[in-house]
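Printed here is entry-v5.tsv (TSV, C-alpha atoms):
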chain	number	residue	atom	x	y	z
A	1	MET	CA	-11.49	5.76	-6.85
A	2	ARG	CA	-9.09	4.54	-4.20
A	3	ALA	CA	-9.42	1.98	-1.48
A	4	PRO	CA	-6.50	0.78	0.64
A	5	LEU	CA	-6.40	-2.96	1.22
A	6	ARG	CA	-4.52	-4.81	3.87
A	7	ALA	CA	-1.40	-6.73	2.95
A	8	PRO	CA	-0.19	-9.78	4.88
A	9	PRO	CA	2.84	-9.15	7.09
A	10	GLY	CA	6.01	-10.20	5.35
A	11	PRO	CA	8.74	-12.44	6.70
A	12	GLY	CA	11.17	-9.54	7.06
A	13	ALA	CA	11.83	-7.07	9.84
A	14	GLY	CA	8.21	-5.95	9.98
A	15	GLY	CA	7.03	-9.50	10.66
A	16	HIS	CA	9.62	-9.99	13.43
A	17	HIS	CA	8.64	-6.71	15.07
A	18	GLN	CA	5.02	-7.77	15.07
A	19	VAL	CA	5.88	-11.06	16.76
A	20	LEU	CA	7.91	-9.25	19.43
A	21	PHE	CA	5.04	-6.83	20.01
A	22	ARG	CA	2.61	-9.70	20.49
A	23	LEU	CA	4.97	-11.31	22.99
A	24	ALA	CA	5.23	-8.02	24.89
A	25	GLU	CA	1.44	-7.84	25.11
A	26	ALA	CA	1.39	-11.27	26.76
A	27	VAL	CA	3.89	-10.33	29.49
A	28	PRO	CA	1.36	-8.91	32.03
A	29	PHE	CA	-0.84	-12.00	31.76
A	30	ALA	CA	2.20	-14.28	31.98
A	31	ILE	CA	3.19	-12.52	35.21
A	32	ALA	CA	-0.31	-12.99	36.64
A	33	LEU	CA	-0.14	-16.69	35.76
A	34	LEU	CA	3.30	-16.97	37.37
A	35	VAL	CA	1.98	-15.36	40.56
A	36	LEU	CA	-0.93	-17.80	40.62
A	37	VAL	CA	1.40	-20.76	40.23
A	38	ILE	CA	3.71	-19.51	42.99
A	39	GLU	CA	0.88	-18.83	45.43
A	40	LEU	CA	-0.84	-22.16	44.86
A	41	THR	CA	2.33	-24.24	45.27
A	42	PRO	CA	4.93	-24.63	48.01
A	43	ALA	CA	6.85	-21.77	46.35
A	44	HIS	CA	4.38	-19.28	47.85
A	45	ILE	CA	7.03	-18.18	50.33
A	46	VAL	CA	8.08	-15.72	47.56
A	47	TYR	CA	6.43	-12.31	48.01
A	48	THR	CA	4.38	-11.73	44.84
A	49	GLY	CA	2.43	-8.58	45.67
A	50	PRO	CA	4.63	-6.11	43.73
A	51	MET	CA	4.54	-8.39	40.69
A	52	LEU	CA	0.75	-8.16	40.46
A	53	VAL	CA	0.75	-4.42	41.08
A	54	ALA	CA	3.08	-3.96	38.09
A	55	THR	CA	0.87	-5.80	35.58
A	56	PRO	CA	-1.48	-2.87	34.73
A	57	ALA	CA	1.50	-0.56	34.23
A	58	LEU	CA	3.15	-3.05	31.90
A	59	ALA	CA	-0.10	-3.48	29.98
A	60	ALA	CA	-0.40	0.28	29.52
A	61	VAL	CA	2.92	0.28	27.66
A	62	THR	CA	1.94	-2.23	24.97
A	63	MET	CA	-1.87	-2.28	24.97
A	64	GLY	CA	-4.65	0.25	24.83
A	65	PRO	CA	-7.13	1.16	27.56
A	66	ARG	CA	-9.10	-2.06	27.10
A	67	GLY	CA	-5.99	-4.20	27.44
A	68	THR	CA	-4.97	-2.27	30.55
A	69	LEU	CA	-8.38	-2.87	32.13
A	70	ALA	CA	-8.17	-6.54	31.23
A	71	ALA	CA	-4.74	-6.88	32.85
A	72	ALA	CA	-5.97	-5.04	35.94
A	73	GLY	CA	-9.02	-7.30	36.16
A	74	VAL	CA	-6.88	-10.42	35.89
A	75	ALA	CA	-4.57	-9.09	38.60
A	76	VAL	CA	-7.52	-8.45	40.94
A	77	VAL	CA	-8.94	-11.93	40.31
A	78	VAL	CA	-5.56	-13.54	41.01
A	79	SER	CA	-5.24	-11.47	44.21
A	80	VAL	CA	-8.63	-12.65	45.44
A	81	ILE	CA	-7.90	-16.27	44.57
A	82	THR	CA	-4.50	-16.31	46.25
A	83	ALA	CA	-5.71	-14.44	49.36
A	84	THR	CA	-8.57	-16.91	49.74
A	85	HIS	CA	-6.35	-19.93	49.14
A	86	ASN	CA	-3.77	-18.74	51.66
A	87	GLN	CA	-6.44	-17.58	54.15
A	88	ALA	CA	-4.87	-14.14	54.21
A	89	TRP	CA	-8.04	-12.08	54.48
A	90	GLY	CA	-8.00	-9.80	57.49
A	91	GLY	CA	-4.28	-9.15	57.23
A	92	GLN	CA	-3.04	-5.66	56.45
A	93	GLN	CA	-0.82	-6.86	53.61
A	94	VAL	CA	-3.73	-8.07	51.44
A	95	TYR	CA	-5.60	-4.78	51.65
A	96	THR	CA	-2.43	-2.79	51.10
A	97	ASN	CA	-1.71	-4.80	47.93
A	98	LEU	CA	-5.29	-4.33	46.67
A	99	PHE	CA	-5.16	-0.60	47.36
A	100	ALA	CA	-1.84	-0.26	45.52
A	101	LEU	CA	-3.16	-2.37	42.67
A	102	THR	CA	-6.22	-0.13	42.40
A	103	LEU	CA	-4.16	3.06	42.34
A	104	VAL	CA	-1.75	1.71	39.72
A	105	SER	CA	-4.63	0.37	37.61
A	106	VAL	CA	-6.45	3.72	37.57
A	107	ALA	CA	-3.26	5.63	36.77
A	108	SER	CA	-2.30	3.14	34.05
A	109	PHE	CA	-5.76	3.29	32.49
A	110	MET	CA	-5.78	7.10	32.40
A	111	THR	CA	-2.27	7.17	30.93
A	112	SER	CA	-3.10	4.54	28.34
A	113	ARG	CA	-6.24	6.38	27.28
A	114	ALA	CA	-4.37	9.67	26.93
A	115	VAL	CA	-1.62	8.03	24.86
A	116	SER	CA	-4.21	6.25	22.73
A	117	ARG	CA	-6.02	9.52	21.99
A	118	ARG	CA	-2.79	11.27	21.12
A	119	ARG	CA	-1.77	8.48	18.76
A	120	GLU	CA	-5.20	8.51	17.14
A	121	ASN	CA	-4.96	12.27	16.58
A	122	GLU	CA	-1.48	11.89	15.10
A	123	LEU	CA	-2.66	9.05	12.84
A	124	ASN	CA	-5.62	11.11	11.64
A	125	GLN	CA	-3.27	13.98	10.86
A	126	ILE	CA	-0.96	11.66	8.93
A	127	ARG	CA	-3.92	10.32	6.99
A	128	ARG	CA	-5.04	13.84	6.09
A	129	ILE	CA	-1.53	14.65	4.90
A	130	ALA	CA	-1.41	11.40	2.91
A	131	ALA	CA	-4.78	12.20	1.32
A	132	ALA	CA	-3.54	15.65	0.34
A	133	ALA	CA	-0.31	14.17	-1.04
A	134	GLN	CA	-2.32	11.65	-3.01
A	135	GLU	CA	-4.40	14.39	-4.61
A	136	VAL	CA	-1.19	16.05	-5.77
A	137	LEU	CA	0.79	12.97	-6.74
A	138	LEU	CA	-2.04	10.73	-7.99
A	139	ARG	CA	-4.74	13.18	-8.90
A	140	PRO	CA	-7.87	11.78	-10.56
A	141	VAL	CA	-7.62	11.76	-14.35
A	142	PRO	CA	-10.13	13.93	-16.23
A	143	ALA	CA	-13.28	12.06	-17.23
A	144	ARG	CA	-13.12	13.48	-20.77
A	145	LEU	CA	-9.91	13.88	-22.75
A	146	GLY	CA	-10.59	14.82	-26.35
A	147	PRO	CA	-11.75	11.72	-28.22
A	148	VAL	CA	-11.64	9.44	-25.15
A	149	ARG	CA	-13.17	9.05	-21.73
A	150	ALA	CA	-10.91	7.94	-18.89
A	151	ALA	CA	-11.02	6.69	-15.31
A	152	SER	CA	-8.40	5.56	-12.81
A	153	MET	CA	-8.14	3.39	-9.71
A	154	TYR	CA	-5.45	2.98	-7.09
A	155	LEU	CA	-5.35	0.29	-4.39
A	156	ALA	CA	-2.59	0.52	-1.79
A	157	ALA	CA	-1.47	-2.83	-0.42
A	158	GLU	CA	0.12	-1.46	2.76
A	159	THR	CA	-2.15	-1.23	5.77
A	160	GLY	CA	-3.52	2.29	6.17
A	161	ALA	CA	-1.60	3.59	3.17
A	162	GLN	CA	-3.11	5.73	0.44
A	163	ILE	CA	-0.09	6.20	-1.78
A	164	GLY	CA	2.75	3.89	-2.70
A	165	GLY	CA	5.12	3.06	-5.53
A	166	ASP	CA	2.61	2.85	-8.38
A	167	LEU	CA	1.86	5.87	-10.56
A	168	TYR	CA	-0.44	7.02	-13.34
A	169	ASP	CA	-1.54	10.14	-15.17
A	170	ALA	CA	-3.33	11.22	-18.34
A	171	VAL	CA	-2.85	14.63	-19.92
A	172	GLN	CA	-4.33	16.33	-22.97
A	173	THR	CA	-1.64	18.11	-24.99
A	174	ARG	CA	-1.28	19.67	-28.43
A	175	TYR	CA	0.30	16.39	-29.54
A	176	GLY	CA	-2.66	14.30	-28.43
A	177	ILE	CA	-3.62	12.46	-25.25
A	178	ARG	CA	-0.57	11.27	-23.37
A	179	MET	CA	-0.71	8.75	-20.52
A	180	ILE	CA	1.63	6.91	-18.22
A	181	VAL	CA	1.29	3.99	-15.82
A	182	GLY	CA	4.32	2.85	-13.84
A	183	ASP	CA	5.56	0.78	-10.94
A	184	VAL	CA	8.56	1.64	-8.77
A	185	ARG	CA	10.79	-1.16	-7.56
A	186	GLY	CA	10.63	-1.23	-3.78
A	187	LYS	CA	8.22	0.14	-1.21
A	188	GLY	CA	7.85	2.87	1.37
A	189	LEU	CA	8.87	6.51	1.14
A	190	PRO	CA	11.73	5.92	-1.35
A	191	ALA	CA	9.21	4.40	-3.76
A	192	VAL	CA	6.85	7.35	-3.30
A	193	ARG	CA	9.75	9.72	-3.98
A	194	ALA	CA	10.70	7.89	-7.19
A	195	ALA	CA	7.07	7.93	-8.33
A	196	ALA	CA	6.91	11.69	-7.71
A	197	VAL	CA	10.11	12.24	-9.72
A	198	VAL	CA	8.83	10.30	-12.73
A	199	LEU	CA	5.42	11.94	-12.66
A	200	GLY	CA	6.96	15.40	-12.35
A	201	ALA	CA	9.20	14.81	-15.36
A	202	PHE	CA	6.32	13.34	-17.36
A	203	ARG	CA	3.93	16.20	-16.61
A	204	GLU	CA	6.49	18.74	-17.69
A	205	ALA	CA	7.85	17.02	-20.81
A	206	VAL	CA	4.51	16.01	-22.36
A	207	HIS	CA	3.69	19.62	-23.17
A	208	TYR	CA	6.84	20.63	-25.04
A	209	GLU	CA	8.34	17.41	-26.48
A	210	ASP	CA	6.71	16.43	-29.77
A	211	ASP	CA	8.47	13.03	-29.74
A	212	LEU	CA	7.06	10.59	-27.20
A	213	VAL	CA	10.46	8.88	-27.03
A	214	GLU	CA	11.94	12.11	-25.69
A	215	VAL	CA	9.21	12.31	-23.06
A	216	VAL	CA	10.23	8.87	-21.83
A	217	ASN	CA	13.90	9.84	-21.95
A	218	HIS	CA	13.17	12.84	-19.74
A	219	CYS	CA	11.52	10.56	-17.18
A	220	GLY	CA	14.49	8.20	-17.15
A	221	ALA	CA	17.01	11.05	-16.87
A	222	ALA	CA	15.11	12.63	-13.97
A	223	LEU	CA	14.99	9.31	-12.15
A	224	ARG	CA	18.72	8.74	-12.57
A	225	ARG	CA	19.55	12.26	-11.38
A	226	ASP	CA	17.44	11.75	-8.28
A	227	ALA	CA	18.87	8.28	-7.63
A	228	ALA	CA	22.42	9.64	-7.96
A	229	LEU	CA	21.61	12.46	-5.54
A	230	ALA	CA	20.03	10.09	-3.03
A	231	GLY	CA	22.94	7.65	-3.31
A	232	SER	CA	25.71	10.25	-3.09
A	233	GLY	CA	25.62	10.20	0.69
A	234	ARG	CA	26.00	6.47	1.11
A	235	SER	CA	28.22	3.70	-0.23
A	236	GLY	CA	27.14	1.36	-2.97
A	237	GLY	CA	28.23	3.15	-6.11
A	238	GLU	CA	26.29	2.10	-9.16
A	239	ASP	CA	24.11	-0.26	-7.15
A	240	SER	CA	22.43	2.73	-5.50
A	241	LEU	CA	21.27	3.92	-8.92
A	242	MET	CA	19.44	0.65	-9.49
A	243	GLU	CA	17.47	0.63	-6.26
A	244	GLY	CA	14.53	2.67	-7.53
A	245	PHE	CA	14.10	1.77	-11.19
A	246	VAL	CA	10.60	2.13	-12.59
A	247	THR	CA	8.77	-0.04	-15.07
A	248	ALA	CA	6.40	2.08	-17.13
A	249	VAL	CA	4.28	2.17	-20.23
A	250	VAL	CA	3.71	5.53	-21.90
A	251	ALA	CA	0.86	5.91	-24.37
A	252	GLN	CA	-0.15	8.54	-26.88
A	253	ILE	CA	-3.48	8.90	-28.67
A	254	PRO	CA	-2.90	11.26	-31.60
A	255	ASP	CA	-5.39	12.32	-34.24
A	256	GLY	CA	-6.87	9.30	-35.97
A	257	ASP	CA	-7.90	5.85	-34.80
A	258	GLY	CA	-4.70	4.66	-33.21
A	259	VAL	CA	-2.63	4.49	-30.03
A	260	GLU	CA	1.15	4.62	-29.75
A	261	LEU	CA	3.02	2.92	-26.93
A	262	ILE	CA	6.50	2.82	-25.46
A	263	ASN	CA	6.91	0.00	-22.97
A	264	ARG	CA	9.83	0.08	-20.53
A	265	GLY	CA	9.70	-3.33	-18.89
A	266	HIS	CA	6.06	-3.00	-17.88
A	267	PRO	CA	3.11	-5.42	-18.19
A	268	ALA	CA	1.51	-5.06	-21.62
A	269	PRO	CA	-1.70	-3.00	-21.82
A	270	LEU	CA	-4.91	-4.80	-22.76
A	271	LEU	CA	-7.30	-3.78	-25.54
A	272	LEU	CA	-10.90	-4.93	-25.55
A	273	ARG	CA	-12.55	-4.95	-28.99
A	274	ASP	CA	-15.83	-6.67	-29.89
A	275	GLY	CA	-15.68	-8.84	-26.77
A	276	THR	CA	-12.10	-10.05	-27.37
A	277	VAL	CA	-9.10	-8.98	-25.29
A	278	HIS	CA	-5.79	-8.32	-27.06
A	279	SER	CA	-2.43	-7.92	-25.32
A	280	LEU	CA	-0.42	-5.01	-26.77
A	281	THR	CA	3.03	-6.53	-26.32
A	282	PRO	CA	6.05	-4.43	-27.33
A	283	SER	CA	7.90	-5.32	-30.51
A	284	THR	CA	11.26	-4.67	-28.84
A	285	PRO	CA	11.75	-5.34	-25.10
A	286	LEU	CA	13.30	-2.40	-23.28
A	287	PRO	CA	14.62	-2.13	-19.69
A	288	PRO	CA	12.83	-0.06	-17.04
A	289	LEU	CA	13.38	3.65	-16.52
A	290	GLY	CA	16.63	4.28	-14.69
A	291	LEU	CA	18.41	1.34	-16.35
A	292	GLU	CA	19.13	2.99	-19.70
A	293	GLU	CA	22.70	1.63	-19.71
A	294	PHE	CA	21.22	-1.76	-20.58
A	295	ILE	CA	19.70	-0.51	-23.85
A	296	THR	CA	21.85	-1.99	-26.61
A	297	GLY	CA	19.94	-0.78	-29.66
A	298	PRO	CA	17.96	2.39	-30.43
A	299	PRO	CA	16.85	4.30	-27.31
A	300	GLY	CA	13.26	3.35	-27.99
A	301	ARG	CA	10.61	3.50	-30.66
A	302	LEU	CA	6.88	3.70	-30.84
A	303	ASP	CA	4.67	0.67	-31.30
A	304	SER	CA	1.45	1.64	-33.04
A	305	TYR	CA	-1.88	-0.16	-32.69
A	306	SER	CA	-5.36	0.57	-33.92
A	307	PHE	CA	-7.67	2.07	-31.31
A	308	LEU	CA	-11.12	2.26	-32.85
A	309	PRO	CA	-14.36	3.85	-31.62
A	310	GLY	CA	-15.92	1.51	-29.06
A	311	ASP	CA	-12.56	0.02	-28.02
A	312	ARG	CA	-11.48	-0.06	-24.38
A	313	LEU	CA	-7.80	0.28	-23.36
A	314	LEU	CA	-6.54	-0.85	-19.97
A	315	LEU	CA	-3.12	0.18	-18.61
A	316	HIS	CA	-2.21	-1.48	-15.31
A	317	THR	CA	0.58	-2.44	-12.94
A	318	ASP	CA	1.65	-5.96	-12.06
A	319	GLY	CA	-0.15	-5.77	-8.73
A	320	VAL	CA	-3.28	-6.82	-10.66
A	321	ILE	CA	-2.00	-9.75	-12.68
A	322	GLU	CA	0.23	-11.04	-9.86
A	323	ALA	CA	-2.53	-11.00	-7.24
A	324	ARG	CA	-2.91	-14.58	-5.94
A	325	ASP	CA	-5.63	-16.52	-4.22
A	326	GLY	CA	-5.26	-19.18	-1.53
A	327	ASP	CA	-4.24	-21.74	-4.16
A	328	ASN	CA	-1.48	-19.42	-5.46
A	329	THR	CA	-3.40	-18.79	-8.69
A	330	PHE	CA	-2.89	-15.48	-10.46
A	331	PHE	CA	-5.78	-13.12	-11.04
A	332	ASP	CA	-7.23	-13.41	-14.56
A	333	LEU	CA	-7.34	-9.76	-15.61
A	334	ALA	CA	-8.09	-10.49	-19.27
A	335	GLY	CA	-10.99	-12.71	-18.28
A	336	ALA	CA	-12.37	-10.09	-15.91
A	337	MET	CA	-12.06	-7.44	-18.61
A	338	GLN	CA	-13.92	-9.63	-21.07
A	339	ARG	CA	-16.70	-10.48	-18.61
A	340	MET	CA	-17.29	-6.85	-17.70
A	341	GLY	CA	-16.83	-5.44	-21.17
A	342	GLY	CA	-20.32	-3.96	-21.24
A	343	HIS	CA	-19.93	-2.14	-17.92
A	344	THR	CA	-19.43	1.60	-17.68
A	345	ARG	CA	-15.96	2.74	-16.63
A	346	LYS	CA	-17.07	3.38	-13.04
A	347	ALA	CA	-18.90	0.05	-12.81
A	348	PHE	CA	-15.96	-1.76	-14.40
A	349	LEU	CA	-13.44	-0.40	-11.91
A	350	GLU	CA	-15.72	-1.14	-8.98
A	351	GLY	CA	-16.32	-4.65	-10.28
A	352	LEU	CA	-12.58	-5.15	-10.74
A	353	ARG	CA	-11.91	-3.92	-7.21
A	354	GLN	CA	-14.45	-6.35	-5.78
A	355	ALA	CA	-13.05	-9.18	-7.90
A	356	LEU	CA	-9.55	-8.51	-6.58
A	357	ILE	CA	-10.79	-8.42	-2.99
A	358	LEU	CA	-12.61	-11.70	-3.51
A	359	HIS	CA	-9.64	-13.33	-5.25
A	360	THR	CA	-7.07	-12.26	-2.63
A	361	ARG	CA	-9.45	-12.24	0.35
A	362	GLY	CA	-8.64	-8.58	0.80
A	363	ARG	CA	-4.90	-9.17	1.18
A	364	LEU	CA	-3.05	-7.66	-1.76
A	365	SER	CA	0.69	-8.26	-1.84
A	366	ASP	CA	1.42	-5.27	-4.09
A	367	ASP	CA	-0.09	-1.91	-4.96
A	368	VAL	CA	-2.49	-1.69	-7.90
A	369	ALA	CA	-2.80	1.17	-10.38
A	370	ILE	CA	-5.20	1.10	-13.32
A	371	LEU	CA	-5.95	3.57	-16.10
A	372	LEU	CA	-9.03	2.79	-18.17
A	373	VAL	CA	-9.67	4.57	-21.48
A	374	ASP	CA	-12.68	4.24	-23.79
A	375	ARG	CA	-12.58	5.46	-27.37
A	376	LEU	CA	-15.69	7.45	-28.16
A	377	ASP	CA	-17.80	6.80	-31.21
A	378	ALA	CA	-16.96	9.10	-34.10
Is it possible to give me this structure as structure tokens?
Amino acid sequence: MRAPLRAPPGPGAGGHHQVLFRLAEAVPFAIALLVLVIELTPAHIVYTGPMLVATPALAAVTMGPRGTLAAAGVAVVVSVITATHNQAWGGQQVYTNLFALTLVSVASFMTSRAVSRRRENELNQIRRIAAAAQEVLLRPVPARLGPVRAASMYLAAETGAQIGGDLYDAVQTRYGIRMIVGDVRGKGLPAVRAAAVVLGAFREAVHYEDDLVEVVNHCGAALRRDAALAGSGRSGGEDSLMEGFVTAVVAQIPDGDGVELINRGHPAPLLLRDGTVHSLTPSTPLPPLGLEEFITGPPGRLDSYSFLPGDRLLLHTDGVIEARDGDNTFFDLAGAMQRMGGHTRKAFLEGLRQALILHTRGRLSDDVAILLVDRLDA
């Protein structure tokens, strides 16, 4: 299940662009106000007719059809007010200005509507492409995987987005059930690319590497190769290799009542057993994928935990636990997991989605990826 949520505009370039766009939308109405001031004061000796005629055309550039009509309506009202105030009715100039204003308003409205329809068609096409890409990159996990049942959820923080920098997958192999949940540093298309690289390496290696450590090493090597290729055309040297590192936790459920984990700088998975939530923290902290040069000891080893029939395992990204409310309080994922422990997987994920929306008022600051796994009774 996936549901994009809206994220608040940041203080960076995107926020500045939005402010400039809002100012541009106000220009036609500011011109109409300026004309009104000029005509109702001794400064009315200035010829203001062309200024009013231009307002619908300016509105068509920054606003849709409704905004264009609104600007045209304001311009007409100002024309009537100023003509009445200056007792200009009956003169040829007033009617010429109104006729020109009408022509420009109609043309601006038709142009704005055509542009709006074209943009809507382009946006719908982009959304269809994004949906198709999501099905390939973040395909739904199988409901049944050997001794477990699984479900996944993805919430994109960016407005209108369906995919982002979070990733997940679960695959049944001859070595057991293998799963991954990860989070790419950064946002936008570079983050999507890094997520695709890691998932591609994971989906290939899980089927022929019997050692889960080697599966993780394949993911890290693929990410570094791609980062080096992407950074070869620009300056920055080693810094370019660190731009798209990925935190990830890779899990394996072999035969028996256990789960094995390798955690590469990722939030610890949660295990619900008999109403109590346990955090499966790694015994040895390891850096994220792509930053293998910071590993000082062994390249990684498995941490094993019991995973008994009736247990529920939750792998997630930090977009869940770092979601904040209006008081800057983090979302209590462990508490939510404990409260909804008796829910089915589908009901749990829907309840968690609603809880996140309520907690953040529908304004996530980061993407959310969740993989939920229930151990079946023997």
| field | Nearby residues (only C-alpha atoms) at most 9 Å from Asp332 in chain A, same-chain spacing under 4 positions excluded, as an MDAnalysis selection string | value | chainID A and resid 320:321 336:337
| request: Choose the residue, out of A:Val215, A:Val53, A:Met63, A:Ala75, that has the smallest atom-to-atom separation from Leu36 in chain A; count only C-alpha atoms. | output: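 Looking at the shortest contact to Leu36 in chain A, the residue is A:Ala75.
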| request: Go through A:Ala88, A:Met153, A:Val77, A:Leu229 and flag the residue nearest Gly351 in chain A, using all atoms listed in the file for the distances. | output: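 Of A:Ala88, A:Met153, A:Val77, A:Leu229, the one nearest Gly351 in chain A, counting all atoms listed in the file, is A:Met153.
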| query | Any idea what the distance is between CA of Val259 in chain A and CA of Val184 in chain A? | reply | 24.2 Å
| Between CA of Val141 in chain A and CA of Gly220 in chain A - distance in Å to one decimal |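 Between CA of Gly220 in chain A and CA of Val141 in chain A the gap is 22.6 Å.
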| task | Work out how far CA of Val104 in chain A is from CA of Ala59 in chain A, in Å to one decimal. | result | 11.2 Å
| field | Nearest to Leu308 in chain A by atom-to-atom distance, counting only C-alpha atoms, from A:Pro142, A:Gly258, A:Gly275, A:Gly341 | value |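 Checking each candidate against Leu308 in chain A, we get A:Gly258 as the closest.
Between Ala60 in chain A and the candidates A:Val78, A:Val27, A:Val277, A:Leu34, the tightest atom-to-atom separation, counting all atoms listed in the file, involves A:Val27.
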| task | List the neighbours of Pro50 in chain A out to 10 Å using only C-alpha atoms; skip same-chain residues closer than 2 positions along the sequence, and give me the result as a list in words. | result |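 In the requested format, the answer is Tyr47, Thr48, Leu52, Val53, Ala54, Thr55, Asn97, Ala100 and Leu101 of chain A.
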Requested write-out: C-alpha atoms of the selected residues, as a PDB file, keeping the file's coordinate frame:
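The resulting file, selection-v2.pdb, is shown below:
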ATOM      1  CA  TYR A  47       6.430 -12.310  48.010  1.00  0.00           C
ATOM      2  CA  THR A  48       4.380 -11.730  44.840  1.00  0.00           C
ATOM      3  CA  LEU A  52       0.750  -8.160  40.460  1.00  0.00           C
ATOM      4  CA  VAL A  53       0.750  -4.420  41.080  1.00  0.00           C
ATOM      5  CA  ALA A  54       3.080  -3.960  38.090  1.00  0.00           C
ATOM      6  CA  THR A  55       0.870  -5.800  35.580  1.00  0.00           C
ATOM      7  CA  ASN A  97      -1.710  -4.800  47.930  1.00  0.00           C
ATOM      8  CA  ALA A 100      -1.840  -0.260  45.520  1.00  0.00           C
ATOM      9  CA  LEU A 101      -3.160  -2.370  42.670  1.00  0.00           C
TER      10      LEU A 101
END
| query | Using all atoms listed in the file, which residue out of A:Leu371, A:Ala268, A:Leu280, A:Ala32 lies closest to Ile81 in chain A? | reply |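 Result for the nearest residue to Ile81 in chain A: A:Ala32.
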| query | Which residues come within 12 Å of Pro140 in chain A, counting only C-alpha atoms, excluding same-chain residues fewer than 6 positions away, as a list in words? | reply | Met1, Arg2, Gln134, Ala150, Ala151, Ser152, Met153, Tyr154, Leu167, Tyr168, Asp169, Ala170, Val171, Ala369, Ile370, Leu371 and Leu372 of chain A
Write out as a PDB file with C-alpha atoms, in the frame of the given file which residues come within 10 Å of Phe330 in chain A when counting all atoms listed in the file, dropping same-chain ones fewer than 5 positions away.
ATOM      1  CA  VAL A 320      -3.280  -6.820 -10.660  1.00  0.00           C
ATOM      2  CA  ILE A 321      -2.000  -9.750 -12.680  1.00  0.00           C
ATOM      3  CA  GLU A 322       0.230 -11.040  -9.860  1.00  0.00           C
ATOM      4  CA  ALA A 323      -2.530 -11.000  -7.240  1.00  0.00           C
ATOM      5  CA  ARG A 324      -2.910 -14.580  -5.940  1.00  0.00           C
ATOM      6  CA  ASP A 325      -5.630 -16.520  -4.220  1.00  0.00           C
ATOM      7  CA  HIS A 359      -9.640 -13.330  -5.250  1.00  0.00           C
ATOM      8  CA  THR A 360      -7.070 -12.260  -2.630  1.00  0.00           C
TER       9      THR A 360
END
| task | Please identify all polymer residues within 10 Å of Phe307 in chain A, counting only C-alpha atoms, omitting same-chain residues fewer than 6 positions from it, and present them as an MDAnalysis selection string. | result | chainID A and resid 253 256:260 271:273 313 374:375
| message | My list of candidates is A:Leu155, A:Leu33, A:Met179, A:Leu261. Which is closest to Leu302 in chain A when distances are computed with all atoms listed in the file? | response |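 Going through A:Leu155, A:Leu33, A:Met179, A:Leu261 one by one, the smallest distance to Leu302 in chain A is for A:Leu261.
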Could I get range 170-179 of chain A from the block written as a PDB file, in the first residue's frame, with N, CA, C and O atoms?
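Result went into selection35.pdb, see below:
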ATOM      1  N   ALA A 170      11.692  -8.246  -0.370  1.00  0.00           N
ATOM      2  CA  ALA A 170      11.731  -9.529   0.331  1.00  0.00           C
ATOM      3  C   ALA A 170      11.680 -10.623  -0.719  1.00  0.00           C
ATOM      4  O   ALA A 170      10.801 -10.613  -1.593  1.00  0.00           O
ATOM      5  N   VAL A 171      12.631 -11.552  -0.635  1.00  0.00           N
ATOM      6  CA  VAL A 171      12.775 -12.580  -1.665  1.00  0.00           C
ATOM      7  C   VAL A 171      12.942 -13.941  -0.996  1.00  0.00           C
ATOM      8  O   VAL A 171      13.672 -14.068   0.002  1.00  0.00           O
ATOM      9  N   GLN A 172      12.282 -14.946  -1.553  1.00  0.00           N
ATOM     10  CA  GLN A 172      12.474 -16.311  -1.079  1.00  0.00           C
ATOM     11  C   GLN A 172      13.562 -16.970  -1.911  1.00  0.00           C
ATOM     12  O   GLN A 172      13.492 -17.006  -3.137  1.00  0.00           O
ATOM     13  N   THR A 173      14.604 -17.486  -1.246  1.00  0.00           N
ATOM     14  CA  THR A 173      15.728 -18.105  -1.924  1.00  0.00           C
ATOM     15  C   THR A 173      15.987 -19.494  -1.327  1.00  0.00           C
ATOM     16  O   THR A 173      15.359 -19.892  -0.349  1.00  0.00           O
ATOM     17  N   ARG A 174      16.936 -20.197  -1.902  1.00  0.00           N
ATOM     18  CA  ARG A 174      17.291 -21.518  -1.368  1.00  0.00           C
ATOM     19  C   ARG A 174      18.005 -21.420  -0.026  1.00  0.00           C
ATOM     20  O   ARG A 174      18.186 -22.420   0.669  1.00  0.00           O
ATOM     21  N   TYR A 175      18.439 -20.208   0.328  1.00  0.00           N
ATOM     22  CA  TYR A 175      19.103 -19.993   1.610  1.00  0.00           C
ATOM     23  C   TYR A 175      18.129 -19.506   2.688  1.00  0.00           C
ATOM     24  O   TYR A 175      18.527 -19.325   3.839  1.00  0.00           O
ATOM     25  N   GLY A 176      16.903 -19.299   2.329  1.00  0.00           N
ATOM     26  CA  GLY A 176      15.908 -18.786   3.256  1.00  0.00           C
ATOM     27  C   GLY A 176      15.283 -17.502   2.733  1.00  0.00           C
ATOM     28  O   GLY A 176      15.510 -17.096   1.587  1.00  0.00           O
ATOM     29  N   ILE A 177      14.494 -16.861   3.555  1.00  0.00           N
ATOM     30  CA  ILE A 177      13.873 -15.585   3.188  1.00  0.00           C
ATOM     31  C   ILE A 177      14.881 -14.472   3.432  1.00  0.00           C
ATOM     32  O   ILE A 177      15.415 -14.339   4.532  1.00  0.00           O
ATOM     33  N   ARG A 178      15.115 -13.672   2.404  1.00  0.00           N
ATOM     34  CA  ARG A 178      16.064 -12.573   2.535  1.00  0.00           C
ATOM     35  C   ARG A 178      15.348 -11.248   2.254  1.00  0.00           C
ATOM     36  O   ARG A 178      14.595 -11.135   1.285  1.00  0.00           O
ATOM     37  N   MET A 179      15.616 -10.268   3.114  1.00  0.00           N
ATOM     38  CA  MET A 179      14.903  -8.994   3.041  1.00  0.00           C
ATOM     39  C   MET A 179      15.886  -7.848   3.204  1.00  0.00           C
ATOM     40  O   MET A 179      16.950  -7.997   3.802  1.00  0.00           O
TER      41      MET A 179
END
